[in-house]
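S.K.: Here it is, the structure in full.
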2 protein chains.
Amino acid sequence: MKCDHETEHALAAKRAAENMPKAEEVERVAASFKSISEPARLKILFALRHGELCVYHIVEAVGGTQSAVSHQLRLLRAAGVVKSRREGQNILYSLADEHVVAVLELACTHLKCKI
Amino acid sequence: MKCDHETEHALAAKRAAENMPKAEEVERVAASFKSISEPARLKILFALRHGELCVYHIVEAVGGTQSAVSHQLRLLRAAGVVKSRREGQNILYSLADEHVVAVLELACTHLKCKI
DNA sequence: TCAATATATGAATAACTGTTCATATATTAA
DNA sequence: TTAATATATGAACAGTTATTCATATATTGA
């Protein structure tokens with residue numbers, strides 16, 4: 001295997017190789033996307049767009065069991081996509097920041113899906 | 001399990017349930033994120049930020065075998081994240097559109113990782 | 001048409017991931 | 001402190017996914 005396109009994209013290939021982020025950074029970004037790449041977890045994000053929710057209400061909004069949702073929330077939190085705070089007996093979850101909202105909206109625009 | 005927060009986020013829960021996209025749409029969005037949630041595939045996207053590349057140059061930029069990269073490209077193309085065109089013996093790949101670029105950049109900003 | 005180059009793909013195995021079940025921890029009220 | 005409520009978590013199984021290997025298809029030049 002070799003490629004004879006010496007001019008056009010050989011330059012792009014060179015730049016691409018030189019500017020590739022470090023493996024550790026690529027993995028961090030990939031892990032973030034992975035956390036929102038499962039329908040069950042993505043539904044949680046869609047639910048949290050409407051404001052802070054406790055686990056009970058998340059379960060109500062997205063369906064599934066409490067245990068499954070709790071596992072899903074743990075992954076989302078580990079990925080830095082949602083944050084949480086305690087209020088009495090409840091833990092309230094919300095989207096981590098505006099970047100998360102923006103990524104969700106871009107994806108939906110891209111796929112022509114209204115939210 | 002039940003929740004007694006009647007005022008504050010009970011409203012958000014109601015809105016969340018009412019505005020949840022259809023399962024089919026959630027799955028489509030999730031599938032897109034899944035396609036870019038593996039380091040090997042994400043590296044391909046980072047490489048393509050610098051311009052159109054043939055498979056040979058992609059392999060050069062991201063490493064791995066030709067076969068693995070080819071399988072990865074197929075998934076990315078099926079997800080609508082990259083597009084391709086033939087030029088003689090080569091197939092040139094590029095990012096599908098500006099949404100993809102924007103999502104990549106947002107994710108990197110969010111994670112404070114320079115690209 | 002034949003050989004060489006470039007890319008794609010089916011099948012199989014290995015690795016990963018999600019859910020469930022049972023149980024644990026934390027908070028509040030009595 | 002005890003009971004009730006809310007949330008979290010470990011282990012195990014089932015389902016999914018990625019890579020490899022071998023091979024197939026497509027294009028070009030001789």
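We name chains A, B, ... following the order of the structure tokens; residues begin at 1 in each chain, and ligands are numbered from 1 as shown.
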Which residues of chain B are close to chain A, meaning at most 6 Å apart when you count only C-alpha atoms, and how do they look as a ChimeraX atom specification?
M.R.: /B:9,12-13,16-17,26-27,30,33-34,37-39,47,50-51,53,57,61,103
S.K.: Please return the superposed copy of chain B as a CSV table (one decimal) with C-alpha atoms, in the first residue's frame; the fit should be least squares onto chain A across all sequentially paired Cα atoms.
M.R.:
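So selection-v1.csv came out as:
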chain,number,residue,atom,x,y,z
B,1,MET,CA,-0.2,0.0,-0.1
B,2,LYS,CA,1.2,3.3,-1.0
B,3,CYS,CA,-0.3,6.5,-2.4
B,4,ASP,CA,1.0,8.7,-5.3
B,5,HIS,CA,-1.0,11.8,-4.6
B,6,GLU,CA,2.0,13.9,-3.9
B,7,THR,CA,0.6,17.4,-4.0
B,8,GLU,CA,-3.0,17.8,-3.0
B,9,HIS,CA,-3.7,15.9,0.2
B,10,ALA,CA,-0.2,14.7,1.0
B,11,LEU,CA,0.1,18.1,2.7
B,12,ALA,CA,-3.1,17.6,4.7
B,13,ALA,CA,-1.8,14.2,5.7
B,14,LYS,CA,1.4,15.8,7.0
B,15,ARG,CA,-0.5,18.4,9.0
B,16,ALA,CA,-2.8,15.8,10.3
B,17,ALA,CA,0.0,13.6,11.6
B,18,GLU,CA,1.8,16.6,13.2
B,19,ASN,CA,-1.3,18.0,14.9
B,20,MET,CA,-2.8,14.8,16.2
B,21,PRO,CA,-3.6,15.3,19.9
B,22,LYS,CA,-1.9,13.0,22.4
B,23,ALA,CA,-3.4,9.6,22.9
B,24,GLU,CA,-4.4,10.5,26.4
B,25,GLU,CA,-6.4,13.5,25.1
B,26,VAL,CA,-8.0,11.5,22.3
B,27,GLU,CA,-9.1,9.0,24.9
B,28,ARG,CA,-10.6,11.6,27.1
B,29,VAL,CA,-12.6,13.1,24.3
B,30,ALA,CA,-13.7,9.6,23.1
B,31,ALA,CA,-14.8,8.7,26.6
B,32,SER,CA,-17.0,11.8,26.8
B,33,PHE,CA,-18.7,10.9,23.6
B,34,LYS,CA,-19.1,7.3,24.7
B,35,SER,CA,-20.9,8.4,27.8
B,36,ILE,CA,-23.6,10.0,25.6
B,37,SER,CA,-23.7,7.3,22.9
B,38,GLU,CA,-26.2,5.0,24.5
B,39,PRO,CA,-29.9,5.7,24.0
B,40,ALA,CA,-30.6,5.2,27.7
B,41,ARG,CA,-28.0,7.8,28.7
B,42,LEU,CA,-28.8,10.2,26.0
B,43,LYS,CA,-32.4,10.3,27.0
B,44,ILE,CA,-31.3,11.4,30.5
B,45,LEU,CA,-29.5,14.3,28.9
B,46,PHE,CA,-32.6,15.3,26.9
B,47,ALA,CA,-34.6,15.1,30.1
B,48,LEU,CA,-32.1,17.4,31.9
B,49,ARG,CA,-32.4,20.0,29.2
B,50,HIS,CA,-35.6,21.1,31.0
B,51,GLY,CA,-33.9,21.7,34.3
B,52,GLU,CA,-32.5,20.0,37.4
B,53,LEU,CA,-34.2,16.6,38.2
B,54,CYS,CA,-34.0,14.2,41.1
B,55,VAL,CA,-33.4,10.5,40.3
B,56,TYR,CA,-37.1,9.7,40.8
B,57,HIS,CA,-38.1,12.1,38.2
B,58,ILE,CA,-35.4,11.0,35.8
B,59,VAL,CA,-36.6,7.5,36.0
B,60,GLU,CA,-40.2,8.8,35.4
B,61,ALA,CA,-39.0,10.8,32.3
B,62,VAL,CA,-36.8,8.2,30.7
B,63,GLY,CA,-38.2,4.8,31.9
B,64,GLY,CA,-36.3,1.8,33.1
B,65,THR,CA,-35.4,0.7,36.6
B,66,GLN,CA,-34.0,2.9,39.4
B,67,SER,CA,-30.9,0.7,39.5
B,68,ALA,CA,-30.2,1.0,35.8
B,69,VAL,CA,-30.7,4.8,35.8
B,70,SER,CA,-28.4,5.1,38.8
B,71,HIS,CA,-25.7,3.3,37.0
B,72,GLN,CA,-26.2,5.4,34.0
B,73,LEU,CA,-26.0,8.6,36.0
B,74,ARG,CA,-22.7,7.5,37.6
B,75,LEU,CA,-21.2,7.1,34.1
B,76,LEU,CA,-22.4,10.4,33.0
B,77,ARG,CA,-21.1,12.1,36.1
B,78,ALA,CA,-17.7,10.4,35.7
B,79,ALA,CA,-17.5,11.7,32.2
B,80,GLY,CA,-18.2,15.2,33.3
B,81,VAL,CA,-21.4,15.5,31.4
B,82,VAL,CA,-23.8,15.9,34.3
B,83,LYS,CA,-23.3,17.3,37.8
B,84,SER,CA,-25.2,16.6,41.0
B,85,ARG,CA,-26.0,18.1,44.4
B,86,ARG,CA,-27.8,16.7,47.3
B,87,GLU,CA,-31.0,18.3,48.6
B,88,GLY,CA,-32.3,16.5,51.6
B,89,GLN,CA,-33.0,12.9,50.6
B,90,ASN,CA,-32.8,13.7,46.9
B,91,ILE,CA,-29.8,14.0,44.6
B,92,LEU,CA,-30.5,16.6,42.0
B,93,TYR,CA,-28.8,16.2,38.6
B,94,SER,CA,-28.2,18.7,35.9
B,95,LEU,CA,-26.2,19.2,32.7
B,96,ALA,CA,-22.6,20.0,33.5
B,97,ASP,CA,-22.4,23.2,31.5
B,98,GLU,CA,-23.4,25.0,28.3
B,99,HIS,CA,-21.0,23.0,26.1
B,100,VAL,CA,-23.1,19.9,26.8
B,101,VAL,CA,-26.2,21.7,25.8
B,102,ALA,CA,-24.5,23.0,22.6
B,103,VAL,CA,-23.2,19.6,21.6
B,104,LEU,CA,-26.7,18.1,22.0
B,105,GLU,CA,-28.3,20.9,19.9
B,106,LEU,CA,-25.6,20.6,17.2
B,107,ALA,CA,-26.1,16.9,16.9
B,108,CYS,CA,-29.9,17.3,16.6
B,109,THR,CA,-29.5,20.0,14.0
B,110,HIS,CA,-27.1,17.9,12.1
B,111,LEU,CA,-29.5,15.0,12.0
B,112,LYS,CA,-32.5,17.2,11.4
B,113,CYS,CA,-34.2,16.0,14.5
B,114,LYS,CA,-36.2,18.5,16.5
B,115,ILE,CA,-35.8,18.7,20.3
S.K.: From a backbone DSSP assignment, name each residue in chain B labelled alpha helix (DSSP H), as a ChimeraX atom specification.
M.R.: /B:8-18,23-35,39-48,55-62,66-78,98-110
S.K.: Which residues of chain D have any atom within 12 Å of an atom in chain A when counting only C-alpha atoms (C1' of nucleotides), and what is the closest pair of atoms for each, with the distance in Å to one decimal? Order the rows by chain and rising number and write it as CSV.
M.R.:
residue,atom,partner,partner_atom,distance
D:DA4,C1',A:Gln89,CA,11.4
D:DT5,C1',A:Gln89,CA,7.6
D:DA6,C1',A:Gln89,CA,5.6
D:DT7,C1',A:Ser70,CA,7.4
D:DA8,C1',A:Ser70,CA,6.8
D:DT9,C1',A:His71,CA,8.2
D:DG10,C1',A:His71,CA,11.6
D:DT16,C1',A:Glu38,CA,11.8
S.K.: Go through C:DT1, C:DA6, C:DA30, C:DA12 one by one, measure the shortest atom-to-atom distance of each to chain A using only C-alpha atoms (C1' of nucleotides), and give the residue with the smallest value.
M.R.: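 Closest to chain A, using only C-alpha atoms (C1' of nucleotides): C:DA6.
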S.K.: Can you check which residues of chain C have any atom within 12 Å of chain B? Use only C-alpha atoms (C1' of nucleotides) and format it as a list in words.
M.R.: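 Close enough to count are DA4, DT5, DA6, DT7, DA8, DT9, DG10 and DC16 of chain C.
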S.K.: For the structure I just gave you, how does DSSP split segment 2-112 of chain A - specifically, which residues are strand (DSSP E or B)? Reply as number ranges by chain.
M.R.: A: 53-54, 82-87, 90-95
S.K.: As a ChimeraX atom specification, please: the residues near DA15 of chain C (cut-off 10 Å, only C-alpha atoms (C1' of nucleotides), same-chain neighbours under 5 positions excluded).
M.R.: /D:17-19
S.K.: Could those selected residues go to a file with N, CA and C atoms (P, O5', C5', C4', C3', O3' and C1' of nucleotides), as a short mmCIF file (atom, residue, chain, number, x, y, z; two decimals), in the first residue's frame?
M.R.:
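Everything below was put into selection_15.cif:
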data_model
loop_
_atom_site.label_atom_id
_atom_site.label_comp_id
_atom_site.auth_asym_id
_atom_site.auth_seq_id
_atom_site.Cartn_x
_atom_site.Cartn_y
_atom_site.Cartn_z
P DT D 17 -23.34 -2.49 19.04
"O5'" DT D 17 -21.76 -2.65 19.11
"C5'" DT D 17 -21.07 -2.36 20.30
"C4'" DT D 17 -19.59 -2.55 20.09
"C3'" DT D 17 -19.10 -2.17 18.70
"O3'" DT D 17 -17.87 -1.50 18.86
"C1'" DT D 17 -18.48 -4.38 19.18
P DA D 18 -17.20 -0.67 17.73
"O5'" DA D 18 -15.72 -1.24 17.75
"C5'" DA D 18 -15.05 -1.43 18.98
"C4'" DA D 18 -13.77 -2.20 18.74
"C3'" DA D 18 -13.04 -1.81 17.45
"O3'" DA D 18 -11.64 -1.78 17.73
"C1'" DA D 18 -13.63 -4.12 17.39
P DT D 19 -10.64 -1.26 16.65
"O5'" DT D 19 -9.79 -2.57 16.29
"C5'" DT D 19 -9.27 -3.35 17.35
"C4'" DT D 19 -8.90 -4.74 16.84
"C3'" DT D 19 -8.05 -4.72 15.57
"O3'" DT D 19 -6.80 -5.36 15.85
"C1'" DT D 19 -9.87 -6.26 15.39
#
